[in-house]
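Source file: data_25.pdb. Holds: PDB, C-alpha atoms.
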```pdb
ATOM      1  CA  MET A   1      95.896 149.493 -39.940
ATOM      2  CA  THR A   2      97.603 152.585 -38.593
ATOM      3  CA  GLN A   3      97.071 156.160 -39.697
ATOM      4  CA  GLY A   4      99.169 156.982 -42.734
ATOM      5  CA  SER A   5      99.587 153.363 -43.780
ATOM      6  CA  PRO A   6      98.761 152.542 -47.396
ATOM      7  CA  ARG A   7      95.219 151.695 -48.370
ATOM      8  CA  ILE A   8      95.296 148.571 -50.484
ATOM      9  CA  ALA A   9      92.561 147.588 -52.927
ATOM     10  CA  VAL A  10      92.466 144.205 -54.651
ATOM     11  CA  VAL A  11      90.706 144.048 -58.023
ATOM     12  CA  SER A  12      90.219 140.939 -60.146
ATOM     13  CA  GLY A  13      90.009 140.911 -63.907
ATOM     14  CA  THR A  14      92.165 143.990 -64.455
ATOM     15  CA  SER A  15      93.577 143.059 -67.836
ATOM     16  CA  SER A  16      90.880 145.122 -69.586
ATOM     17  CA  GLY A  17      87.351 146.539 -69.407
ATOM     18  CA  ILE A  18      85.637 147.264 -66.114
ATOM     19  CA  GLY A  19      88.404 145.747 -63.994
ATOM     20  CA  ALA A  20      91.087 147.933 -65.554
ATOM     21  CA  ALA A  21      88.889 151.009 -65.147
ATOM     22  CA  VAL A  22      88.222 150.161 -61.486
ATOM     23  CA  ALA A  23      91.954 149.813 -60.890
ATOM     24  CA  GLU A  24      92.474 153.282 -62.376
ATOM     25  CA  ALA A  25      89.692 154.735 -60.230
ATOM     26  CA  PHE A  26      91.312 153.383 -57.082
ATOM     27  CA  LEU A  27      94.733 154.643 -58.136
ATOM     28  CA  GLU A  28      93.279 158.109 -58.570
ATOM     29  CA  ARG A  29      91.814 157.839 -55.069
ATOM     30  CA  GLY A  30      95.254 157.183 -53.649
ATOM     31  CA  TYR A  31      95.091 153.437 -53.148
ATOM     32  CA  THR A  32      97.763 150.891 -53.774
ATOM     33  CA  VAL A  33      96.028 148.559 -56.213
ATOM     34  CA  VAL A  34      96.685 144.860 -56.595
ATOM     35  CA  GLY A  35      95.417 143.727 -59.987
ATOM     36  CA  LEU A  36      94.731 140.026 -60.463
ATOM     37  CA  SER A  37      94.257 138.527 -63.897
ATOM     38  CA  ARG A  38      95.493 135.740 -66.093
ATOM     39  CA  ARG A  39      96.943 138.036 -68.753
ATOM     40  CA  GLY A  40      98.141 140.936 -66.647
ATOM     41  CA  ASN A  41      97.971 144.579 -67.658
ATOM     42  CA  PRO A  42     101.334 145.963 -68.863
ATOM     43  CA  GLY A  43      99.909 149.466 -69.227
ATOM     44  CA  LEU A  44      98.700 149.682 -65.653
ATOM     45  CA  ALA A  45     101.858 147.951 -64.413
ATOM     46  CA  GLU A  46     103.798 151.052 -65.411
ATOM     47  CA  ARG A  47     101.698 153.201 -63.108
ATOM     48  CA  GLY A  48     102.979 153.969 -59.642
ATOM     49  CA  GLY A  49     100.961 152.209 -56.975
ATOM     50  CA  TYR A  50      99.757 149.397 -59.226
ATOM     51  CA  ILE A  51     100.908 145.845 -58.499
ATOM     52  CA  ASP A  52     100.244 143.402 -61.338
ATOM     53  CA  ARG A  53      99.785 139.787 -60.339
ATOM     54  CA  ASN A  54      99.119 137.091 -62.904
ATOM     55  CA  ALA A  55      97.032 134.235 -61.578
ATOM     56  CA  ASP A  56      94.358 131.837 -62.725
ATOM     57  CA  LEU A  57      91.689 132.851 -60.254
ATOM     58  CA  ARG A  58      90.053 129.447 -60.504
ATOM     59  CA  ASP A  59      93.092 128.066 -58.691
ATOM     60  CA  ALA A  60      92.719 128.816 -54.967
ATOM     61  CA  THR A  61      96.388 128.171 -54.265
ATOM     62  CA  ALA A  62      97.462 130.549 -57.024
ATOM     63  CA  VAL A  63      95.203 133.265 -55.625
ATOM     64  CA  ASP A  64      96.557 132.766 -52.116
ATOM     65  CA  GLN A  65     100.113 132.975 -53.369
ATOM     66  CA  ALA A  66      99.430 136.069 -55.458
ATOM     67  CA  ILE A  67      97.876 137.893 -52.493
ATOM     68  CA  ALA A  68     100.577 136.729 -50.078
ATOM     69  CA  SER A  69     103.261 138.132 -52.365
ATOM     70  CA  VAL A  70     101.947 141.687 -52.083
ATOM     71  CA  PRO A  71     104.303 143.819 -49.990
ATOM     72  CA  GLY A  72     102.582 145.287 -46.959
ATOM     73  CA  ALA A  73      99.331 143.374 -47.313
ATOM     74  CA  ALA A  74      99.909 141.146 -44.312
ATOM     75  CA  GLU A  75     100.931 144.120 -42.194
ATOM     76  CA  HIS A  76      98.380 146.720 -43.232
ATOM     77  CA  GLY A  77      95.573 144.529 -44.484
ATOM     78  CA  VAL A  78      93.285 145.284 -47.425
ATOM     79  CA  LYS A  79      90.552 147.940 -47.465
ATOM     80  CA  ALA A  80      88.643 146.975 -50.586
ATOM     81  CA  VAL A  81      88.194 143.902 -52.747
ATOM     82  CA  VAL A  82      86.386 144.127 -56.082
ATOM     83  CA  LEU A  83      85.313 140.805 -57.554
ATOM     84  CA  ASN A  84      85.080 141.568 -61.227
ATOM     85  CA  ALA A  85      86.686 138.678 -63.107
ATOM     86  CA  GLY A  86      84.158 136.799 -65.138
ATOM     87  CA  TYR A  87      83.372 134.863 -68.253
ATOM     88  CA  SER A  88      80.311 135.259 -70.472
ATOM     89  CA  PRO A  89      79.682 132.416 -72.923
ATOM     90  CA  ASP A  90      77.840 133.013 -76.170
ATOM     91  CA  PRO A  91      74.049 132.734 -75.941
ATOM     92  CA  VAL A  92      72.718 129.236 -76.606
ATOM     93  CA  ASP A  93      69.096 128.123 -76.937
ATOM     94  CA  LEU A  94      68.226 126.483 -73.634
ATOM     95  CA  PRO A  95      67.113 123.139 -75.133
ATOM     96  CA  LYS A  96      70.543 122.822 -76.756
ATOM     97  CA  LEU A  97      72.685 124.106 -73.893
ATOM     98  CA  PRO A  98      75.391 121.579 -72.920
ATOM     99  CA  TRP A  99      75.800 121.028 -69.196
ATOM    100  CA  GLU A 100      79.546 121.474 -69.650
ATOM    101  CA  THR A 101      78.991 125.108 -70.645
ATOM    102  CA  VAL A 102      76.920 125.682 -67.529
ATOM    103  CA  ALA A 103      79.462 123.972 -65.303
ATOM    104  CA  ASP A 104      82.444 125.738 -66.852
ATOM    105  CA  THR A 105      80.801 129.142 -66.531
ATOM    106  CA  TYR A 106      79.772 128.448 -62.944
ATOM    107  CA  THR A 107      83.266 127.325 -62.043
ATOM    108  CA  THR A 108      84.922 130.268 -63.725
ATOM    109  CA  ASN A 109      82.676 132.926 -62.261
ATOM    110  CA  VAL A 110      81.754 131.544 -58.840
ATOM    111  CA  ALA A 111      84.949 129.710 -57.919
ATOM    112  CA  THR A 112      87.039 132.764 -58.778
ATOM    113  CA  ALA A 113      84.876 134.907 -56.507
ATOM    114  CA  LEU A 114      84.905 132.406 -53.652
ATOM    115  CA  ASN A 115      88.656 131.940 -53.946
ATOM    116  CA  LEU A 116      89.203 135.671 -53.751
ATOM    117  CA  VAL A 117      86.882 136.082 -50.758
ATOM    118  CA  GLN A 118      88.704 133.313 -48.924
ATOM    119  CA  ALA A 119      92.130 134.703 -49.819
ATOM    120  CA  THR A 120      91.341 138.242 -48.661
ATOM    121  CA  CYS A 121      88.813 138.078 -45.818
ATOM    122  CA  HIS A 122      91.508 137.857 -43.135
ATOM    123  CA  LEU A 123      93.256 140.858 -44.706
ATOM    124  CA  LEU A 124      90.045 142.888 -44.640
ATOM    125  CA  LYS A 125      89.763 142.070 -40.950
ATOM    126  CA  GLN A 126      93.435 142.975 -40.510
ATOM    127  CA  ALA A 127      92.679 146.432 -41.898
ATOM    128  CA  GLY A 128      89.954 146.884 -39.307
ATOM    129  CA  GLY A 129      87.194 146.397 -41.862
ATOM    130  CA  GLY A 130      86.599 147.159 -45.499
ATOM    131  CA  SER A 131      84.469 146.079 -48.382
ATOM    132  CA  LEU A 132      83.742 143.283 -50.811
ATOM    133  CA  THR A 133      82.157 144.607 -53.995
ATOM    134  CA  PHE A 134      80.841 142.143 -56.543
ATOM    135  CA  VAL A 135      80.341 143.096 -60.182
ATOM    136  CA  GLY A 136      77.049 141.440 -60.978
ATOM    137  CA  ALA A 137      74.605 141.340 -63.855
ATOM    138  CA  SER A 138      70.906 142.031 -64.257
ATOM    139  CA  LEU A 139      70.731 138.852 -66.305
ATOM    140  CA  ALA A 140      70.941 137.033 -62.963
ATOM    141  CA  ASN A 141      67.191 137.633 -62.737
ATOM    142  CA  GLY A 142      66.859 134.773 -65.190
ATOM    143  CA  TYR A 143      64.453 136.085 -67.818
ATOM    144  CA  ARG A 144      66.796 135.445 -70.750
ATOM    145  CA  PRO A 145      66.787 131.662 -71.244
ATOM    146  CA  GLU A 146      69.519 131.784 -73.878
ATOM    147  CA  ARG A 147      71.812 133.316 -71.246
ATOM    148  CA  PHE A 148      71.056 130.714 -68.570
ATOM    149  CA  ALA A 149      74.661 129.586 -68.048
ATOM    150  CA  TYR A 150      75.909 133.115 -67.393
ATOM    151  CA  ALA A 151      72.804 134.162 -65.460
ATOM    152  CA  ALA A 152      72.960 131.174 -63.111
ATOM    153  CA  SER A 153      76.586 131.889 -62.263
ATOM    154  CA  LYS A 154      75.806 135.540 -61.601
ATOM    155  CA  ALA A 155      72.814 134.606 -59.438
ATOM    156  CA  ALA A 156      75.146 132.408 -57.386
ATOM    157  CA  MET A 157      77.483 135.368 -56.972
ATOM    158  CA  THR A 158      74.609 137.440 -55.617
ATOM    159  CA  THR A 159      74.013 134.694 -53.083
ATOM    160  CA  LEU A 160      77.698 134.692 -52.205
ATOM    161  CA  MET A 161      77.609 138.459 -51.774
ATOM    162  CA  ARG A 162      74.699 138.180 -49.317
ATOM    163  CA  ALA A 163      76.360 135.317 -47.483
ATOM    164  CA  CYS A 164      79.468 137.471 -47.060
ATOM    165  CA  SER A 165      77.393 140.357 -45.724
ATOM    166  CA  VAL A 166      76.251 138.099 -42.882
ATOM    167  CA  GLU A 167      79.473 136.165 -42.370
ATOM    168  CA  PHE A 168      81.580 139.287 -41.959
ATOM    169  CA  ALA A 169      78.986 141.629 -40.417
ATOM    170  CA  GLY A 170      80.814 141.620 -37.106
ATOM    171  CA  ASP A 171      84.159 142.398 -38.707
ATOM    172  CA  GLY A 172      83.321 145.779 -40.161
ATOM    173  CA  ILE A 173      83.252 144.345 -43.676
ATOM    174  CA  VAL A 174      80.430 145.405 -45.974
ATOM    175  CA  SER A 175      79.503 143.276 -48.969
ATOM    176  CA  ASN A 176      77.559 144.677 -51.903
ATOM    177  CA  GLU A 177      76.934 144.115 -55.600
ATOM    178  CA  VAL A 178      76.909 146.509 -58.532
ATOM    179  CA  ARG A 179      74.867 145.567 -61.584
ATOM    180  CA  PRO A 180      76.183 147.981 -64.192
ATOM    181  CA  GLY A 181      73.754 147.242 -67.002
ATOM    182  CA  PRO A 182      75.149 147.446 -70.531
ATOM    183  CA  VAL A 183      78.784 148.565 -70.583
ATOM    184  CA  ALA A 184      80.855 149.096 -73.692
ATOM    185  CA  THR A 185      83.730 146.666 -73.156
ATOM    186  CA  ALA A 186      85.581 144.156 -75.280
ATOM    187  CA  MET A 187      83.448 141.442 -73.652
ATOM    188  CA  THR A 188      80.207 142.992 -74.858
ATOM    189  CA  MET A 189      81.404 144.445 -78.159
ATOM    190  CA  ALA A 190      83.501 142.293 -80.424
ATOM    191  CA  GLY A 191      86.431 144.152 -81.905
ATOM    192  CA  LEU A 192      86.482 146.880 -79.302
ATOM    193  CA  ASP A 193      90.062 147.435 -78.210
ATOM    194  CA  SER A 194      90.001 150.823 -76.568
ATOM    195  CA  ALA A 195      87.821 153.107 -74.534
ATOM    196  CA  VAL A 196      84.578 154.044 -76.216
ATOM    197  CA  ASN A 197      84.095 157.683 -77.032
ATOM    198  CA  GLU A 198      81.492 159.181 -74.687
ATOM    199  CA  GLN A 199      79.892 160.857 -77.707
ATOM    200  CA  VAL A 200      79.276 157.495 -79.295
ATOM    201  CA  LEU A 201      77.577 156.345 -76.117
ATOM    202  CA  ARG A 202      75.440 159.491 -76.016
ATOM    203  CA  ALA A 203      74.412 158.927 -79.629
ATOM    204  CA  ILE A 204      73.435 155.347 -78.892
ATOM    205  CA  ASN A 205      71.485 156.253 -75.794
ATOM    206  CA  LYS A 206      69.628 158.956 -77.723
ATOM    207  CA  GLY A 207      68.944 156.941 -80.829
ATOM    208  CA  PHE A 208      68.132 153.451 -79.648
ATOM    209  CA  ASP A 209      65.243 152.323 -77.506
ATOM    210  CA  THR A 210      67.567 150.306 -75.376
ATOM    211  CA  ASP A 211      69.053 150.195 -71.936
ATOM    212  CA  TRP A 212      71.561 152.805 -70.864
ATOM    213  CA  LEU A 213      74.914 151.956 -72.452
ATOM    214  CA  LYS A 214      77.843 153.398 -70.561
ATOM    215  CA  SER A 215      81.621 153.393 -70.438
ATOM    216  CA  PRO A 216      83.787 151.304 -68.100
ATOM    217  CA  ARG A 217      85.033 154.569 -66.644
ATOM    218  CA  THR A 218      81.545 155.598 -65.547
ATOM    219  CA  VAL A 219      80.869 152.229 -63.965
ATOM    220  CA  ALA A 220      84.270 152.147 -62.283
ATOM    221  CA  GLU A 221      83.564 155.364 -60.415
ATOM    222  CA  TRP A 222      80.350 153.882 -59.004
ATOM    223  CA  ILE A 223      82.111 150.696 -57.995
ATOM    224  CA  ALA A 224      84.903 152.570 -56.234
ATOM    225  CA  THR A 225      82.380 154.770 -54.447
ATOM    226  CA  ILE A 226      80.363 151.781 -53.237
ATOM    227  CA  ALA A 227      83.590 150.046 -52.218
ATOM    228  CA  GLU A 228      84.282 153.007 -49.936
ATOM    229  CA  PHE A 229      81.060 152.606 -47.981
ATOM    230  CA  PRO A 230      81.853 152.821 -44.260
ATOM    231  CA  SER A 231      81.907 149.763 -42.045
ATOM    232  CA  ASN A 232      78.459 150.638 -40.718
ATOM    233  CA  GLY A 233      77.110 151.425 -44.185
ATOM    234  CA  PRO A 234      74.731 149.463 -46.414
ATOM    235  CA  THR A 235      75.605 145.803 -46.806
ATOM    236  CA  GLY A 236      74.035 142.851 -48.585
ATOM    237  CA  GLN A 237      72.622 145.196 -51.223
ATOM    238  CA  VAL A 238      72.351 145.094 -54.994
ATOM    239  CA  PHE A 239      72.891 148.450 -56.711
ATOM    240  CA  ASN A 240      71.344 148.195 -60.120
ATOM    241  CA  TYR A 241      72.218 150.728 -62.834
ATOM    242  CA  SER A 242      70.113 149.158 -65.529
ATOM    243  CA  ARG A 243      67.182 151.148 -66.784
ATOM    244  CA  LYS A 244      65.228 148.080 -67.802
ATOM    245  CA  VAL A 245      64.142 144.868 -66.138
ATOM    246  CA  LEU A 246      66.178 142.103 -67.708
TER     247      LEU A 246
ATOM    248  CA  MET B   1      87.801 151.207-106.335
ATOM    249  CA  ALA B   2      84.590 151.361-104.351
ATOM    250  CA  THR B   3      83.639 154.710-102.911
ATOM    251  CA  LYS B   4      83.783 155.113 -99.199
ATOM    252  CA  ILE B   5      80.042 154.986 -98.852
ATOM    253  CA  GLU B   6      79.956 151.767-100.904
ATOM    254  CA  GLN B   7      82.615 150.291 -98.633
ATOM    255  CA  LEU B   8      80.446 151.103 -95.651
ATOM    256  CA  ARG B   9      77.354 149.667 -97.366
ATOM    257  CA  THR B  10      79.232 146.434 -97.985
ATOM    258  CA  TRP B  11      80.352 146.288 -94.363
ATOM    259  CA  LEU B  12      76.799 146.845 -93.130
ATOM    260  CA  THR B  13      75.465 144.175 -95.459
ATOM    261  CA  GLY B  14      78.042 141.781 -94.044
ATOM    262  CA  LEU B  15      76.544 142.126 -90.581
ATOM    263  CA  HIS B  16      73.600 140.051 -91.683
ATOM    264  CA  ALA B  17      73.412 136.379 -92.566
ATOM    265  CA  GLU B  18      70.414 136.969 -94.831
ATOM    266  CA  PRO B  19      70.582 139.316 -97.844
ATOM    267  CA  VAL B  20      69.521 142.874 -97.017
ATOM    268  CA  THR B  21      68.984 145.976 -99.112
ATOM    269  CA  ILE B  22      70.398 149.196 -97.739
ATOM    270  CA  ASP B  23      69.458 152.318 -99.681
ATOM    271  CA  ASP B  24      71.069 155.690 -99.115
ATOM    272  CA  GLU B  25      67.981 156.842 -97.233
ATOM    273  CA  THR B  26      67.359 153.671 -95.248
ATOM    274  CA  ASP B  27      67.133 154.435 -91.541
ATOM    275  CA  LEU B  28      69.808 152.128 -90.190
ATOM    276  CA  ILE B  29      68.459 152.308 -86.667
ATOM    277  CA  GLU B  30      64.678 152.195 -87.134
ATOM    278  CA  SER B  31      65.097 149.352 -89.611
ATOM    279  CA  GLY B  32      67.118 147.333 -87.103
ATOM    280  CA  LEU B  33      69.980 146.980 -89.570
ATOM    281  CA  VAL B  34      72.345 148.285 -86.890
ATOM    282  CA  THR B  35      71.878 147.378 -83.240
ATOM    283  CA  SER B  36      73.090 149.531 -80.384
ATOM    284  CA  LEU B  37      76.120 147.310 -79.875
ATOM    285  CA  GLN B  38      76.886 147.281 -83.614
ATOM    286  CA  PHE B  39      76.657 151.080 -83.672
ATOM    287  CA  VAL B  40      80.006 151.346 -81.892
ATOM    288  CA  GLN B  41      81.557 148.993 -84.405
ATOM    289  CA  MET B  42      80.000 151.015 -87.221
ATOM    290  CA  VAL B  43      81.595 154.207 -85.930
ATOM    291  CA  MET B  44      84.960 152.418 -85.771
ATOM    292  CA  GLU B  45      84.447 151.138 -89.321
ATOM    293  CA  ILE B  46      83.565 154.660 -90.534
ATOM    294  CA  GLU B  47      86.769 155.930 -88.939
ATOM    295  CA  ARG B  48      88.748 153.153 -90.618
ATOM    296  CA  ILE B  49      87.312 153.987 -94.031
ATOM    297  CA  HIS B  50      87.621 157.699 -93.338
ATOM    298  CA  GLY B  51      91.252 157.211 -92.377
ATOM    299  CA  ASP B  52      90.989 159.391 -89.310
ATOM    300  CA  LYS B  53      89.131 159.886 -86.064
ATOM    301  CA  LEU B  54      85.774 161.598 -86.459
ATOM    302  CA  GLU B  55      85.401 165.169 -85.341
ATOM    303  CA  PRO B  56      83.541 165.393 -82.022
ATOM    304  CA  GLY B  57      80.487 167.130 -83.455
ATOM    305  CA  VAL B  58      80.010 164.525 -86.168
ATOM    306  CA  ILE B  59      79.101 161.657 -83.882
ATOM    307  CA  THR B  60      75.413 162.327 -83.378
ATOM    308  CA  ILE B  61      72.533 160.016 -83.993
ATOM    309  CA  GLU B  62      71.162 162.322 -86.708
ATOM    310  CA  LYS B  63      74.401 162.265 -88.683
ATOM    311  CA  MET B  64      74.739 158.492 -88.377
ATOM    312  CA  ARG B  65      71.161 157.493 -89.143
ATOM    313  CA  THR B  66      71.450 156.898 -92.910
ATOM    314  CA  LEU B  67      74.231 156.263 -95.401
ATOM    315  CA  GLN B  68      73.390 159.589 -97.026
ATOM    316  CA  ALA B  69      73.705 161.422 -93.714
ATOM    317  CA  ILE B  70      77.037 159.722 -92.995
ATOM    318  CA  ASP B  71      78.297 160.571 -96.463
ATOM    319  CA  GLU B  72      77.336 164.227 -96.069
ATOM    320  CA  ALA B  73      78.734 164.525 -92.548
ATOM    321  CA  VAL B  74      81.934 162.516 -92.887
ATOM    322  CA  PHE B  75      83.046 161.518 -96.355
ATOM    323  CA  GLN B  76      81.980 164.462 -98.536
ATOM    324  CA  PRO B  77      83.627 167.172 -96.391
ATOM    325  CA  GLN B  78      86.887 165.216 -96.674
ATOM    326  CA  THR B  79      86.550 165.084-100.456
ATOM    327  CA  GLN B  80      85.791 168.809-100.645
ATOM    328  CA  ALA B  81      88.765 169.638 -98.412
ATOM    329  CA  ALA B  82      91.060 167.661-100.677
TER     330      ALA B  82
END
```
Any chance you could put this one into structure tokens?
Amino acid sequence: MTQGSPRIAVVSGTSSGIGAAVAEAFLERGYTVVGLSRRGNPGLAERGGYIDRNADLRDATAVDQAIASVPGAAEHGVKAVVLNAGYSPDPVDLPKLPWETVADTYTTNVATALNLVQATCHLLKQAGGGSLTFVGASLANGYRPERFAYAASKAAMTTLMRACSVEFAGDGIVSNEVRPGPVATAMTMAGLDSAVNEQVLRAINKGFDTDWLKSPRTVAEWIATIAEFPSNGPTGQVFNYSRKVL
Amino acid sequence: MATKIEQLRTWLTGLHAEPVTIDDETDLIESGLVTSLQFVQMVMEIERIHGDKLEPGVITIEKMRTLQAIDEAVFQPQTQAA
């Protein structure tokens, strides 16, 4: 990458929630943002600097093609990749949990991350180094048996994150994970179709003896900041913003 | 036509599979009738019934803790203004 060339960030799962907020955070930091999702994000697509690419991230070929179609990526490389896309099945009592649910969740969450790592690692090297930032979950600790399918997939992503930190250590690529804790998104709150008022979040955090509920916007700023860690910065780390052990 | 507070009571009752009794003074939070995640939905439902976004100062835990508090903070001022 030469001085003055565009900084490109790739973010998965940008159709809504945390992914969309991360894309906005990068745009505000002056990046060209490549958003990958199955549904796309028409609102963000109208913003200058945002490149919307529809792809089923479980399909490695589709991910490769989506990344390859980004103007300037091959020349300038990519500075930051945020692996956010994910699927959270409804809780199921462990004795009744079908293996298919576990396998589907694992495939959706882990294969999408691995596909994106493989599609972008050469571009991170091309840029002279950069970052892989995984959006994880405290549930990966495994103490919620009814969430086993989701937790196991997230635990595998933590392992992938650490593997990347070693694999790419000599390439100036840092690999870290953010565990946001509870975030008010459509995935966690049925019926939610817009940003949650910060006052509502403050009321909840004051009134309920619960973990610290926060907005996608708040989390996105942390993710973008961690994604900008320097090449010699922390790597292989989990940054946990939960206030409780889950 | 049901009053606004009755509409909200019905909505809250519908959150639960088992029958529940929600008095005007029932603490919605301490009683567990509304979880933290349902609280956001409750605010959206109040706004839907209210017919408008809530004023910034209204969304506090004290003013959302009971049906009576919600009525006094949200619905009654609207009635008085009309």
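Atom pair CA of Thr105 in chain A / CA of Leu36 in chain A: separated by 18.7 Å.
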Target residues per the PyMOL selection byres ((chain B and resi 3-15) around 10), formatted as a ChimeraX atom specification: /B:1-2,16-24,28,33-34,38,42,45-46,48-50,67-68,70-71,74-76
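Taking CA of Ser165 in chain A and CA of Ser231 in chain A as the two end points, the separation is 11.1 Å.
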All residues 12 Å or closer to Val22 in chain A, all atoms listed in the file, same chain fewer than 5 positions away omitted, as an MDAnalysis selection string: chainID A and resid 9:17 27:29 31 33:35 44 50 80:85 133:135 215:227
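CA of Pro234 in chain A to CA of Gly19 in chain A spans 22.6 Å [interatomic distance, one decimal].
Taking all atoms listed in the file into account, Leu213 in chain A lies nearest to B:Leu37 out of the set B:Glu55, B:Leu37, B:Ser31, B:Glu72.
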What are the closest atom pairs, with distances in Å to one decimal, for each residue of chain B lying within 7 Å of chain A, using only C-alpha atoms, rows by chain and rising residue number, as CSV?
```
residue,atom,partner,partner_atom,distance
B:Ser36,CA,A:Ile204,CA,6.0
B:Leu37,CA,A:Met189,CA,6.3
B:Val40,CA,A:Val200,CA,6.7
B:Ile59,CA,A:Val200,CA,6.2
B:Thr60,CA,A:Ala203,CA,5.2
B:Ile61,CA,A:Ala203,CA,4.9
```
Using the chain letters and residue numbers of this document, give as a PyMOL selection string the residues selected by the PyMOL selection byres ((chain A and resi 235) around 6). chain A and resi 165+174-176+234+236-237
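Here the question is which of B:Met64, B:Ala69, B:Pro56, B:Asp27 gets nearest to Phe39 in chain B using all atoms listed in the file, and that residue is B:Met64.
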For Pro95 in chain A, list every protein, DNA or RNA residue within 12 Å, evaluated using all atoms listed in the file, and leave out those in the same chain fewer than 2 positions away; present the list as a PyMOL selection string. chain A and resi 91-93+97-99+145-148
Taking only residues of range 3-36 of chain A that have an atom at most 7 Å from an atom of range 59-78 of chain A, what is each one's shortest atom pair and its distance in Å to one decimal, using all atoms listed in the file, in chain and number order, as a Markdown table?
```
| residue | atom | partner | partner_atom | distance |
| --- | --- | --- | --- | --- |
| A:Ser5 | CA | A:His76 | CA | 6.8 |
| A:Arg7 | CA | A:Val78 | CA | 6.8 |
| A:Ile8 | CA | A:Val78 | CA | 4.9 |
| A:Ala9 | CA | A:Val78 | CA | 6.0 |
```
Test item: the PyMOL selection byres ((chain A and resi 128) around 9) resolved as a PDB file with C-alpha atoms, keeping the file's coordinate frame:
```pdb
ATOM      1  CA  MET A   1      95.896 149.493 -39.940  1.00  0.00           C
ATOM      2  CA  GLY A  77      95.573 144.529 -44.484  1.00  0.00           C
ATOM      3  CA  VAL A  78      93.285 145.284 -47.425  1.00  0.00           C
ATOM      4  CA  LYS A  79      90.552 147.940 -47.465  1.00  0.00           C
ATOM      5  CA  LEU A 123      93.256 140.858 -44.706  1.00  0.00           C
ATOM      6  CA  LEU A 124      90.045 142.888 -44.640  1.00  0.00           C
ATOM      7  CA  LYS A 125      89.763 142.070 -40.950  1.00  0.00           C
ATOM      8  CA  GLN A 126      93.435 142.975 -40.510  1.00  0.00           C
ATOM      9  CA  ALA A 127      92.679 146.432 -41.898  1.00  0.00           C
ATOM     10  CA  GLY A 129      87.194 146.397 -41.862  1.00  0.00           C
ATOM     11  CA  GLY A 130      86.599 147.159 -45.499  1.00  0.00           C
ATOM     12  CA  ASP A 171      84.159 142.398 -38.707  1.00  0.00           C
ATOM     13  CA  GLY A 172      83.321 145.779 -40.161  1.00  0.00           C
ATOM     14  CA  ILE A 173      83.252 144.345 -43.676  1.00  0.00           C
ATOM     15  CA  SER A 231      81.907 149.763 -42.045  1.00  0.00           C
TER      16      SER A 231
END
```
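Residues in contact with Ala140 in chain A at up to 6 Å, not including ones fewer than 4 positions away on its chain and judged by all atoms listed in the file, are Ala151, Lys154 and Ala155 of chain A.
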Once 5 Å is added on each side, what centre and edge lengths in Å to one decimal does the axis-aligned box around all listed atoms of range 117-125 of chain A have, as lines of an AutoDock Vina configuration file?
```
center_x = 90.1
center_y = 138.1
center_z = -45.9
size_x = 16.4
size_y = 19.6
size_z = 19.8
```
